[in-house]
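Trainee: File input_29.cif follows (mmCIF, C-alpha atoms and all ligand atoms):
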```cif
data_protein
loop_
_atom_site.label_atom_id
_atom_site.label_comp_id
_atom_site.auth_asym_id
_atom_site.auth_seq_id
_atom_site.Cartn_x
_atom_site.Cartn_y
_atom_site.Cartn_z
CA MET A 1054 0.00 0.00 0.00
CA LEU A 1055 2.82 2.37 0.87
CA ASP A 1056 4.36 1.43 -2.42
CA LEU A 1057 1.15 2.36 -4.17
CA LEU A 1058 0.88 5.69 -2.39
CA GLN A 1059 4.42 6.51 -3.36
CA LYS A 1060 3.57 5.68 -6.91
CA MET A 1061 0.54 7.89 -6.82
CA PHE A 1062 2.08 10.92 -5.21
CA GLY A 1063 5.76 10.81 -5.93
CA LYS A 1064 7.88 9.72 -8.82
CA GLU A 1065 10.78 8.34 -6.77
CA THR A 1066 9.74 4.71 -7.14
CA ILE A 1067 10.33 4.49 -10.85
CA GLY A 1068 9.58 0.97 -12.06
CA SER A 1069 12.44 -0.99 -13.53
CA LYS A 1070 10.60 -1.21 -16.83
CA ASP A 1071 11.56 2.35 -17.68
CA ILE A 1072 15.18 1.52 -17.05
CA ALA A 1073 14.81 -1.58 -19.24
CA LYS A 1074 13.20 0.45 -21.99
CA GLU A 1075 15.90 3.08 -22.01
CA ARG A 1076 18.69 0.52 -21.97
CA LEU A 1077 17.02 -1.38 -24.78
CA ARG A 1078 16.61 1.77 -26.82
CA LEU A 1079 20.29 2.58 -26.51
CA VAL A 1080 21.53 -0.91 -27.19
CA LEU A 1081 19.40 -1.08 -30.33
CA VAL A 1082 20.66 2.25 -31.59
CA HIS A 1083 24.14 0.78 -31.39
CA ASP A 1084 23.12 -2.58 -32.84
CA ARG A 1085 21.30 -1.03 -35.72
CA ILE A 1086 24.13 1.35 -36.54
CA ASN A 1087 25.75 -1.29 -38.68
CA VAL A 1088 23.64 -0.13 -41.55
CA SER A 1089 24.39 -1.10 -45.11
CA PRO A 1090 26.36 1.17 -47.45
CA GLN A 1091 23.21 1.39 -49.58
CA PHE A 1092 21.36 2.80 -46.60
CA MET A 1093 23.93 5.58 -46.17
CA GLU A 1094 23.99 6.27 -49.91
CA SER A 1095 20.25 6.64 -50.09
CA LEU A 1096 20.27 8.90 -47.03
CA LYS A 1097 22.96 11.01 -48.70
CA ASP A 1098 20.98 11.24 -51.93
CA ASP A 1099 17.90 12.40 -50.10
CA MET A 1100 19.89 14.98 -48.13
CA ILE A 1101 21.37 16.34 -51.34
CA LYS A 1102 17.91 16.71 -52.83
CA VAL A 1103 16.62 18.71 -49.88
CA ILE A 1104 19.68 20.87 -49.33
CA SER A 1105 19.95 21.71 -53.02
CA ASN A 1106 16.72 23.66 -52.71
CA TYR A 1107 18.61 26.11 -50.53
CA MET A 1108 22.23 26.05 -51.59
CA ASP A 1109 24.73 24.63 -54.03
CA ILE A 1110 26.85 22.05 -52.29
CA ASN A 1111 29.92 20.09 -53.21
CA GLU A 1112 28.54 16.60 -53.45
CA GLN A 1113 31.92 15.00 -54.02
CA GLU A 1114 33.38 16.32 -50.78
CA MET A 1115 30.25 15.72 -48.76
CA GLU A 1116 30.66 13.38 -45.80
CA VAL A 1117 27.83 11.78 -43.86
CA ASN A 1118 28.54 9.39 -41.02
CA LEU A 1119 27.01 7.87 -37.96
CA THR A 1120 29.25 8.24 -34.94
CA THR A 1121 28.80 6.74 -31.51
CA SER A 1122 29.85 7.64 -28.04
CA LYS A 1123 28.89 5.93 -24.78
CA SER A 1124 25.30 7.00 -24.60
CA THR A 1125 24.47 8.68 -27.87
CA VAL A 1126 24.63 8.18 -31.56
CA ALA A 1127 24.94 11.18 -33.86
CA LEU A 1128 24.56 11.71 -37.54
CA VAL A 1129 27.47 13.90 -38.49
CA ALA A 1130 27.46 15.62 -41.83
CA ASN A 1131 30.18 17.78 -43.30
CA ILE A 1132 28.86 19.43 -46.42
CA PRO A 1133 30.93 22.09 -48.20
CA VAL A 1134 28.71 24.89 -49.51
CA ASN A 1135 29.64 26.41 -52.85
CA ARG A 1136 27.01 29.07 -53.06
CA MET A 1137 23.80 30.12 -51.32
CA LYS A 1138 20.77 30.42 -53.50
CA ARG A 1139 19.37 33.91 -53.82
CA GLY A 1140 16.05 34.48 -52.11
CA CYS A 1141 16.59 31.96 -49.38
CA THR A 1142 18.72 34.14 -47.15
CA LEU A 1143 16.27 36.81 -46.09
CA GLU A 1144 13.19 34.71 -45.63
CA ASP A 1145 11.87 34.33 -42.09
CA MET B 666 -0.40 -25.25 -51.32
CA GLY B 667 -0.18 -24.88 -47.55
CA GLU B 668 1.60 -22.18 -45.65
CA VAL B 669 5.11 -22.61 -44.25
CA ILE B 670 5.71 -20.70 -41.01
CA VAL B 671 9.00 -20.62 -39.11
CA ILE B 672 9.00 -19.99 -35.35
CA THR B 673 12.21 -18.20 -34.47
CA SER B 674 13.69 -15.92 -31.79
CA GLY B 675 17.41 -15.34 -31.75
CA LYS B 676 17.75 -15.78 -28.01
CA GLY B 677 17.43 -19.30 -26.70
CA GLY B 678 14.88 -20.56 -24.24
CA VAL B 679 12.18 -17.96 -24.88
CA GLY B 680 9.52 -20.45 -25.99
CA LYS B 681 9.97 -21.39 -29.67
CA THR B 682 9.44 -25.09 -29.13
CA THR B 683 6.55 -24.51 -26.75
CA THR B 684 4.97 -22.19 -29.31
CA THR B 685 5.46 -24.59 -32.21
CA ALA B 686 3.89 -27.46 -30.26
CA ASN B 687 0.91 -25.38 -29.15
CA LEU B 688 0.21 -23.73 -32.48
CA GLY B 689 0.51 -27.07 -34.25
CA THR B 690 -1.86 -28.77 -31.84
CA GLY B 691 -4.16 -25.74 -32.05
CA PHE B 692 -4.39 -26.02 -35.84
CA ALA B 693 -5.11 -29.72 -35.53
CA LEU B 694 -7.86 -29.04 -32.98
CA LEU B 695 -9.53 -26.95 -35.66
CA GLY B 696 -9.21 -29.78 -38.14
CA LYS B 697 -6.30 -28.36 -40.14
CA LYS B 698 -3.73 -30.73 -41.50
CA VAL B 699 -0.44 -29.67 -39.99
CA VAL B 700 3.13 -30.93 -39.80
CA LEU B 701 5.76 -29.72 -37.34
CA ILE B 702 9.40 -29.79 -38.37
CA ASP B 703 11.97 -29.85 -35.60
CA ALA B 704 14.85 -27.97 -37.22
CA ASP B 705 16.93 -27.96 -34.05
CA ILE B 706 19.28 -30.65 -35.28
CA GLY B 707 21.46 -32.08 -32.54
CA LEU B 708 19.23 -30.70 -29.78
CA ARG B 709 15.88 -32.16 -30.57
CA ASN B 710 13.11 -31.21 -28.17
CA LEU B 711 9.86 -30.88 -29.99
CA ASP B 712 9.27 -34.66 -29.85
CA VAL B 713 9.40 -34.58 -26.06
CA VAL B 714 7.19 -31.51 -25.73
CA MET B 715 4.69 -33.23 -28.02
CA GLY B 716 4.96 -36.52 -26.14
CA LEU B 717 6.04 -38.37 -29.28
CA GLU B 718 9.62 -39.23 -28.33
CA ASN B 719 9.02 -42.98 -28.21
CA ARG B 720 7.76 -43.20 -31.74
CA ILE B 721 10.73 -41.89 -33.68
CA VAL B 722 12.16 -44.19 -36.32
CA TYR B 723 13.53 -41.86 -38.96
CA ASP B 724 14.39 -38.18 -38.76
CA LEU B 725 14.84 -35.09 -40.89
CA VAL B 726 18.40 -35.93 -41.88
CA ASP B 727 17.35 -39.46 -42.87
CA VAL B 728 14.97 -37.79 -45.30
CA THR B 729 17.46 -35.31 -46.75
CA ASP B 730 20.14 -38.01 -46.95
CA GLY B 731 17.74 -40.27 -48.78
CA ASN B 732 17.75 -43.05 -46.16
CA CYS B 733 13.97 -43.10 -46.16
CA ARG B 734 11.02 -41.55 -47.89
CA LEU B 735 9.52 -38.39 -46.43
CA LYS B 736 6.28 -40.18 -45.53
CA GLN B 737 8.16 -42.80 -43.52
CA ALA B 738 9.74 -40.18 -41.26
CA LEU B 739 6.49 -38.43 -40.40
CA ILE B 740 5.05 -39.39 -37.02
CA ARG B 741 1.31 -39.11 -36.74
CA ASP B 742 0.01 -37.86 -33.40
CA LYS B 743 -2.55 -40.45 -32.31
CA ARG B 744 -4.57 -37.89 -30.33
CA TYR B 745 -5.18 -35.64 -33.34
CA ASP B 746 -5.23 -37.42 -36.62
CA THR B 747 -4.29 -34.37 -38.71
CA LEU B 748 -1.14 -33.60 -36.72
CA TYR B 749 2.31 -34.86 -37.75
CA LEU B 750 5.88 -34.41 -36.57
CA LEU B 751 9.11 -34.59 -38.52
CA PRO B 752 11.72 -35.03 -35.78
CA ALA B 753 15.23 -33.61 -35.83
CA ALA B 754 18.28 -35.85 -35.95
CA GLN B 755 19.85 -36.04 -32.53
CA THR B 756 23.29 -37.35 -33.40
CA ARG B 757 24.11 -34.99 -36.26
CA ASP B 758 24.84 -31.27 -36.39
CA LYS B 759 23.30 -28.32 -38.19
CA THR B 760 25.55 -28.70 -41.22
CA ALA B 761 23.98 -32.07 -42.04
CA VAL B 762 21.27 -30.16 -43.92
CA SER B 763 21.51 -27.30 -46.41
CA PRO B 764 19.10 -24.41 -46.93
CA ASP B 765 18.29 -25.75 -50.39
CA GLN B 766 17.35 -29.13 -48.98
CA MET B 767 15.12 -27.45 -46.43
CA LYS B 768 13.46 -25.43 -49.16
CA GLN B 769 12.68 -28.58 -51.10
CA LEU B 770 11.42 -30.35 -47.99
CA CYS B 771 9.10 -27.49 -47.04
CA HIS B 772 7.83 -27.29 -50.59
CA ASP B 773 7.05 -31.01 -50.66
CA LEU B 774 5.25 -30.88 -47.31
CA ALA B 775 3.25 -27.79 -48.24
CA GLU B 776 1.69 -29.79 -51.05
CA ASP B 777 0.10 -32.16 -48.57
CA PHE B 778 -0.48 -30.01 -45.49
CA ASP B 779 -2.43 -26.84 -44.69
CA TYR B 780 0.31 -25.64 -42.37
CA VAL B 781 3.99 -26.50 -42.06
CA LEU B 782 5.48 -25.15 -38.82
CA ILE B 783 9.24 -25.06 -38.32
CA ASP B 784 10.76 -24.99 -34.85
CA CYS B 785 13.95 -22.97 -35.33
CA PRO B 786 17.06 -23.45 -33.18
CA ALA B 787 18.43 -20.52 -31.15
CA GLY B 788 21.14 -18.40 -32.71
CA ILE B 789 21.79 -16.84 -36.09
CA GLU B 790 24.07 -19.47 -37.60
CA GLN B 791 23.52 -22.27 -40.07
CA GLY B 792 20.64 -23.80 -38.10
CA PHE B 793 18.74 -20.51 -38.35
CA LYS B 794 19.48 -20.19 -42.06
CA ASN B 795 18.24 -23.73 -42.66
CA ALA B 796 15.09 -23.18 -40.65
CA ILE B 797 14.03 -20.01 -42.44
CA ALA B 798 15.04 -21.10 -45.95
CA GLY B 799 11.72 -22.63 -46.93
CA ALA B 800 9.41 -20.41 -44.89
CA ASP B 801 6.74 -18.14 -46.34
CA LYS B 802 6.19 -16.38 -43.04
CA ALA B 803 8.12 -15.86 -39.82
CA VAL B 804 6.83 -15.70 -36.28
CA ILE B 805 9.27 -14.25 -33.76
CA VAL B 806 9.01 -15.21 -30.12
CA THR B 807 10.40 -12.96 -27.43
CA THR B 808 10.00 -12.42 -23.71
CA PRO B 809 9.66 -8.96 -22.15
CA GLU B 810 13.35 -8.74 -21.34
CA VAL B 811 16.05 -6.49 -22.73
CA SER B 812 18.24 -9.32 -24.01
CA ALA B 813 15.42 -11.22 -25.70
CA VAL B 814 13.97 -8.15 -27.39
CA ARG B 815 17.42 -7.11 -28.53
CA ASP B 816 17.97 -10.48 -30.15
CA ALA B 817 14.52 -10.32 -31.71
CA ASP B 818 15.53 -7.05 -33.31
CA ARG B 819 18.60 -8.70 -34.79
CA ILE B 820 16.50 -11.54 -36.14
CA ILE B 821 14.05 -9.12 -37.73
CA GLY B 822 16.99 -7.46 -39.50
CA LEU B 823 18.31 -10.82 -40.70
CA LEU B 824 14.90 -11.95 -41.91
CA GLU B 825 14.56 -8.73 -43.87
CA SER B 826 17.94 -9.17 -45.47
CA GLU B 827 16.89 -12.69 -46.50
CA GLY B 828 13.84 -11.21 -48.16
CA LYS B 829 11.35 -12.45 -45.54
CA GLU B 830 9.21 -9.40 -44.98
CA GLY B 831 6.60 -8.70 -42.35
CA PRO B 832 7.51 -11.05 -39.48
CA LYS B 833 4.98 -11.19 -36.65
CA LEU B 834 5.75 -11.06 -32.96
CA ILE B 835 4.65 -13.21 -30.04
CA ILE B 836 5.51 -11.89 -26.59
CA ASN B 837 5.74 -14.83 -24.22
CA ARG B 838 5.88 -15.17 -20.44
CA ILE B 839 4.16 -11.91 -19.63
CA ARG B 840 3.46 -11.47 -15.94
CA PRO B 841 0.54 -9.07 -15.60
CA GLN B 842 1.29 -8.28 -11.97
CA MET B 843 4.81 -7.20 -12.79
CA VAL B 844 3.64 -5.17 -15.77
CA LYS B 845 1.18 -3.44 -13.48
CA LYS B 846 3.87 -2.59 -10.97
CA GLY B 847 5.99 -1.13 -13.73
CA ASP B 848 8.60 -3.83 -13.41
CA MET B 849 8.12 -5.47 -16.78
CA MET B 850 8.13 -3.87 -20.19
CA ASP B 851 4.63 -3.84 -21.56
CA ILE B 852 3.35 -4.80 -24.99
CA GLU B 853 3.22 -1.29 -26.38
CA ASP B 854 6.82 -0.61 -25.36
CA ILE B 855 8.09 -3.67 -27.15
CA ILE B 856 6.01 -3.24 -30.27
CA GLU B 857 7.04 0.37 -30.57
CA ILE B 858 10.71 -0.45 -30.21
CA LEU B 859 10.71 -3.34 -32.65
CA ALA B 860 8.24 -1.80 -35.10
CA VAL B 861 6.62 -5.11 -36.03
CA ASP B 862 3.09 -6.43 -36.00
CA LEU B 863 1.95 -8.17 -32.86
CA LEU B 864 0.58 -11.66 -33.37
CA GLY B 865 -0.22 -12.35 -29.75
CA ILE B 866 0.76 -12.40 -26.11
CA ILE B 867 1.20 -15.43 -23.86
CA PRO B 868 1.17 -15.16 -20.09
CA GLU B 869 3.58 -16.91 -17.78
CA ASP B 870 1.60 -20.02 -16.94
CA GLU B 871 2.42 -23.04 -14.82
CA TYR B 872 0.28 -25.16 -17.12
CA ILE B 873 3.05 -24.81 -19.68
CA VAL B 874 5.37 -26.62 -17.31
CA ILE B 875 2.75 -29.21 -16.38
CA SER B 876 1.78 -29.87 -19.96
CA THR B 877 5.42 -30.12 -21.00
CA ASN B 878 5.92 -32.67 -18.23
CA ARG B 879 3.03 -34.66 -19.61
CA GLY B 880 3.82 -34.20 -23.28
CA GLU B 881 0.39 -32.69 -23.93
CA PRO B 882 0.50 -29.12 -25.25
CA ALA B 883 -1.39 -26.60 -23.08
CA VAL B 884 -3.57 -25.46 -25.97
CA ALA B 885 -5.64 -28.62 -25.45
CA ASN B 886 -6.17 -27.76 -21.79
CA PRO B 887 -9.41 -25.84 -21.25
CA VAL B 888 -8.30 -24.04 -18.09
CA SER B 889 -4.84 -22.94 -19.19
CA MET B 890 -4.57 -19.21 -19.80
CA ALA B 891 -1.55 -19.70 -22.06
CA GLY B 892 -3.50 -22.40 -23.89
CA ALA B 893 -6.34 -19.97 -24.56
CA ALA B 894 -3.85 -17.36 -25.75
CA TYR B 895 -2.35 -19.88 -28.18
CA LYS B 896 -5.82 -20.70 -29.48
CA ASN B 897 -6.31 -17.03 -30.28
CA ILE B 898 -3.04 -16.92 -32.14
CA VAL B 899 -4.00 -19.95 -34.20
CA ARG B 900 -7.19 -18.21 -35.25
CA ARG B 901 -5.30 -15.04 -36.12
CA LEU B 902 -2.93 -17.06 -38.28
CA MET B 903 -6.01 -18.42 -40.05
CA GLY B 904 -7.01 -14.87 -40.86
CA GLU B 905 -9.56 -14.23 -38.13
CA ASN B 906 -9.62 -10.96 -36.27
CA VAL B 907 -9.34 -11.91 -32.60
CA PRO B 908 -8.88 -9.21 -29.95
CA LEU B 909 -5.94 -9.44 -27.56
CA MET B 910 -6.61 -11.33 -24.36
CA ASN B 911 -6.98 -9.44 -21.15
CA PHE B 912 -4.96 -11.32 -18.55
CA ASP B 913 -6.13 -9.41 -15.52
CA SER B 914 -9.88 -9.60 -15.57
CA GLN B 915 -9.92 -8.81 -11.85
CA ASP B 916 -9.05 -5.17 -12.51
CA GLY B 917 -9.99 -3.76 -9.16
CA PHE B 918 -10.48 -0.68 -7.14
CA ILE B 919 -6.86 0.39 -7.21
CA ASP B 920 -6.87 0.69 -10.96
CA LYS B 921 -9.95 2.80 -10.91
CA VAL B 922 -8.38 5.12 -8.38
CA LYS B 923 -5.24 5.33 -10.45
CA LYS B 924 -7.25 6.16 -13.54
CA MET B 925 -9.10 8.85 -11.63
CA PHE B 926 -5.79 10.44 -10.81
CA GLY B 927 -4.61 10.11 -14.35
CA PHE B 928 -2.18 7.27 -13.83
CA GLY B 929 -2.81 5.04 -16.80
CA GLY B 930 -2.84 1.40 -15.66
N1 LIG C 1201 4.41 -19.04 -21.07
C1 LIG C 1201 5.22 -19.83 -20.33
N2 LIG C 1201 4.98 -20.03 -19.02
C2 LIG C 1201 5.80 -20.83 -18.29
N3 LIG C 1201 6.86 -21.46 -18.78
C3 LIG C 1201 7.18 -21.30 -20.07
C4 LIG C 1201 6.37 -20.48 -20.92
N4 LIG C 1201 6.91 -20.51 -22.17
C5 LIG C 1201 7.99 -21.31 -22.10
N5 LIG C 1201 8.17 -21.80 -20.84
C6 LIG C 1201 9.24 -22.70 -20.39
O1 LIG C 1201 10.47 -22.16 -20.79
C7 LIG C 1201 11.38 -23.18 -21.15
C8 LIG C 1201 11.94 -22.92 -22.54
O2 LIG C 1201 10.90 -23.05 -23.49
P1 LIG C 1201 11.17 -23.65 -24.95
O3 LIG C 1201 11.93 -24.91 -24.87
O4 LIG C 1201 9.88 -23.64 -25.66
O5 LIG C 1201 12.11 -22.51 -25.51
P2 LIG C 1201 12.96 -22.52 -26.86
O6 LIG C 1201 12.94 -21.13 -27.38
O7 LIG C 1201 12.47 -23.58 -27.78
O8 LIG C 1201 14.39 -22.93 -26.33
P3 LIG C 1201 15.68 -23.31 -27.23
O9 LIG C 1201 16.22 -22.00 -27.73
O10 LIG C 1201 16.59 -23.97 -26.26
O11 LIG C 1201 15.20 -24.19 -28.34
C9 LIG C 1201 10.63 -24.47 -21.05
O12 LIG C 1201 10.97 -25.09 -19.84
C10 LIG C 1201 9.18 -24.06 -21.07
O13 LIG C 1201 8.36 -24.95 -20.34
MG MG C 1202 13.54 -25.17 -28.76
#
```
Would you put the structure from the file into structure tokens?
Mentor:
Amino acid sequence: MLDLLQKMFGKETIGSKDIAKERLRLVLVHDRINVSPQFMESLKDDMIKVISNYMDINEQEMEVNLTTSKSTVALVANIPVNRMKRGCTLED
Amino acid sequence: MGEVIVITSGKGGVGKTTTTANLGTGFALLGKKVVLIDADIGLRNLDVVMGLENRIVYDLVDVTDGNCRLKQALIRDKRYDTLYLLPAAQTRDKTAVSPDQMKQLCHDLAEDFDYVLIDCPAGIEQGFKNAIAGADKAVIVTTPEVSAVRDADRIIGLLESEGKEGPKLIINRIRPQMVKKGDMMDIEDIIEILAVDLLGIIPEDEYIVISTNRGEPAVANPVSMAGAAYKNIVRRLMGENVPLMNFDSQDGFIDKVKKMFGFGG
């Protein structure tokens, strides 16, 4: 009963399921990071399409990678810009 | 042509063999002609769970090696006359069969049976590749634990890369009390993380142990909760729309209070 009251009025008794869920989420991000080269290529192609609406980029020098640290995974892109497109710069 | 369904998991011991035995018996209870293939070569188990261990003469490898005809190796379950078992070889290893041979075998069986169920070994090696080779559909069994769900995710990826799309998930050994207390991942959590379709949920149930002791799958037991859950899954596999079972029908006062205070149960 005390347990229940704590659950109702305080958040200190966090169930272990939330811990499990978070650990699972992280472990899967790392597991799934071994994506195929085709996956990265198609991501890159889509990025180029979108970005090209706003600026000219150097597609040859463009780098897109997934990098991991202990608790996070990041998509890191280094995309040299050749030229901004006119009209995109002053818009809100 | 019948349907070939592989029961797989990645992680060992989560309930593949139990599931194969219960689904197979469940199909037979509904009059479907079904054959169960034990693809766990070297660690055969399905025969014992089915209570058919004393009737084995030939096995799967005898068939693929050509020592006997396919029909000779099939054991008919005397309790249900549309239920058959093709046992695994116990003294050989997974490399005794090739994926191509399994494909042929499944194809041949699907000509005669409504359902061909394959009990897959644990792991992602040759035994897994053999077991999935001839399957039209895959059912993935997991338990609500981090390690089992993680392995299920890996299996889903591997199935996709083998061109087996749309696997369906069974979550086994759910303990409603623990889910309620927030100490067990719930169905929504797991489905969301794995992004697959749910085929069904099976509660932790001592009848599974009892029925395994007896060699009589729980699905035939009218009071077993897990048995009832397996029956539902069988009907879903036959295309029926069956709602998920509610394990805790004695939802009491506490839940109502919690709901009043906005704590979703
Ligand atoms: N819902 C359940 N309730 C209680 N016990 C269960 C349940 N499901 C499975 N078990 C028990 O868990 C154990 C493992 O089950 P089973 O042999 O079916 O798993 P498996 O995935 O085939 O294992 P392996 O990977 O070794 O082939 C068995 O002892 C079985 O009785
Ligand atoms: Mg097994």
Trainee: Hey, which residues sit close to ligand MG 1202 (chain C)? Say within 7 Å, counting only C-alpha atoms and all ligand atoms, and write them as a PDB file with C-alpha atoms, in the coordinates of the input.
Mentor:
```pdb
ATOM      1  CA  GLY B 678      14.880 -20.560 -24.240  1.00  0.00           C
ATOM      2  CA  GLY B 680       9.520 -20.450 -25.990  1.00  0.00           C
ATOM      3  CA  LYS B 681       9.970 -21.390 -29.670  1.00  0.00           C
ATOM      4  CA  THR B 682       9.440 -25.090 -29.130  1.00  0.00           C
ATOM      5  CA  ASP B 705      16.930 -27.960 -34.050  1.00  0.00           C
ATOM      6  CA  ASN B 710      13.110 -31.210 -28.170  1.00  0.00           C
ATOM      7  CA  LEU B 711       9.860 -30.880 -29.990  1.00  0.00           C
ATOM      8  CA  ASP B 784      10.760 -24.990 -34.850  1.00  0.00           C
ATOM      9  CA  CYS B 785      13.950 -22.970 -35.330  1.00  0.00           C
ATOM     10  CA  PRO B 786      17.060 -23.450 -33.180  1.00  0.00           C
TER      11      PRO B 786
END
```
Trainee: At a cut-off of 8 Å around ligand LIG 1201 (chain C), and using all atoms listed in the file, what residues come up? Please write them as a PyMOL selection string.
Mentor: chain B and resi 673-685+705+708+710+784-788+806+837-839+867-874+877+891
Trainee: Hey, list the chain A side of the contact with chain B: 9 Å cut-off, only C-alpha atoms, answer as a VMD selection string.
Mentor: chain A and resid 1057 1061 1067 to 1071 1073 to 1074 1076 to 1078 1080 to 1081 1084 to 1085
Trainee: In Å, how far is it from atom CA of A:Thr1120 to atom CA of A:Glu1094?
Mentor: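 Computed distance, atom CA of A:Thr1120 to atom CA of A:Glu1094, equals 16.0 Å.
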Trainee: Work out how far atom CA of B:Ile740 is from atom CA of B:Leu774, in Å to one decimal.
Mentor: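 These atoms are spaced 13.4 Å apart.
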Trainee: Which of these, A:Ile1110, A:Ile1072, A:Met1093, A:Val1082, has the shortest distance to A:Val1129 once you count only C-alpha atoms?
Mentor: A:Met1093
Trainee: Padding 5 Å on each side, edges along x, y and z: where is the centre of the box around the listed atoms of stretch 1077-1082 of chain A, and how long are its edges in Å to one decimal? Output it as lines of an AutoDock Vina configuration file.
Mentor:
```
center_x = 19.1
center_y = 0.6
center_z = -28.2
size_x = 14.9
size_y = 14.0
size_z = 16.8
```
Trainee: Rounded to one decimal in Å, what is the spacing between atom CA of B:Val671 and atom CA of B:Ala704?
Mentor: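 Between these atoms lies a distance of 9.6 Å.
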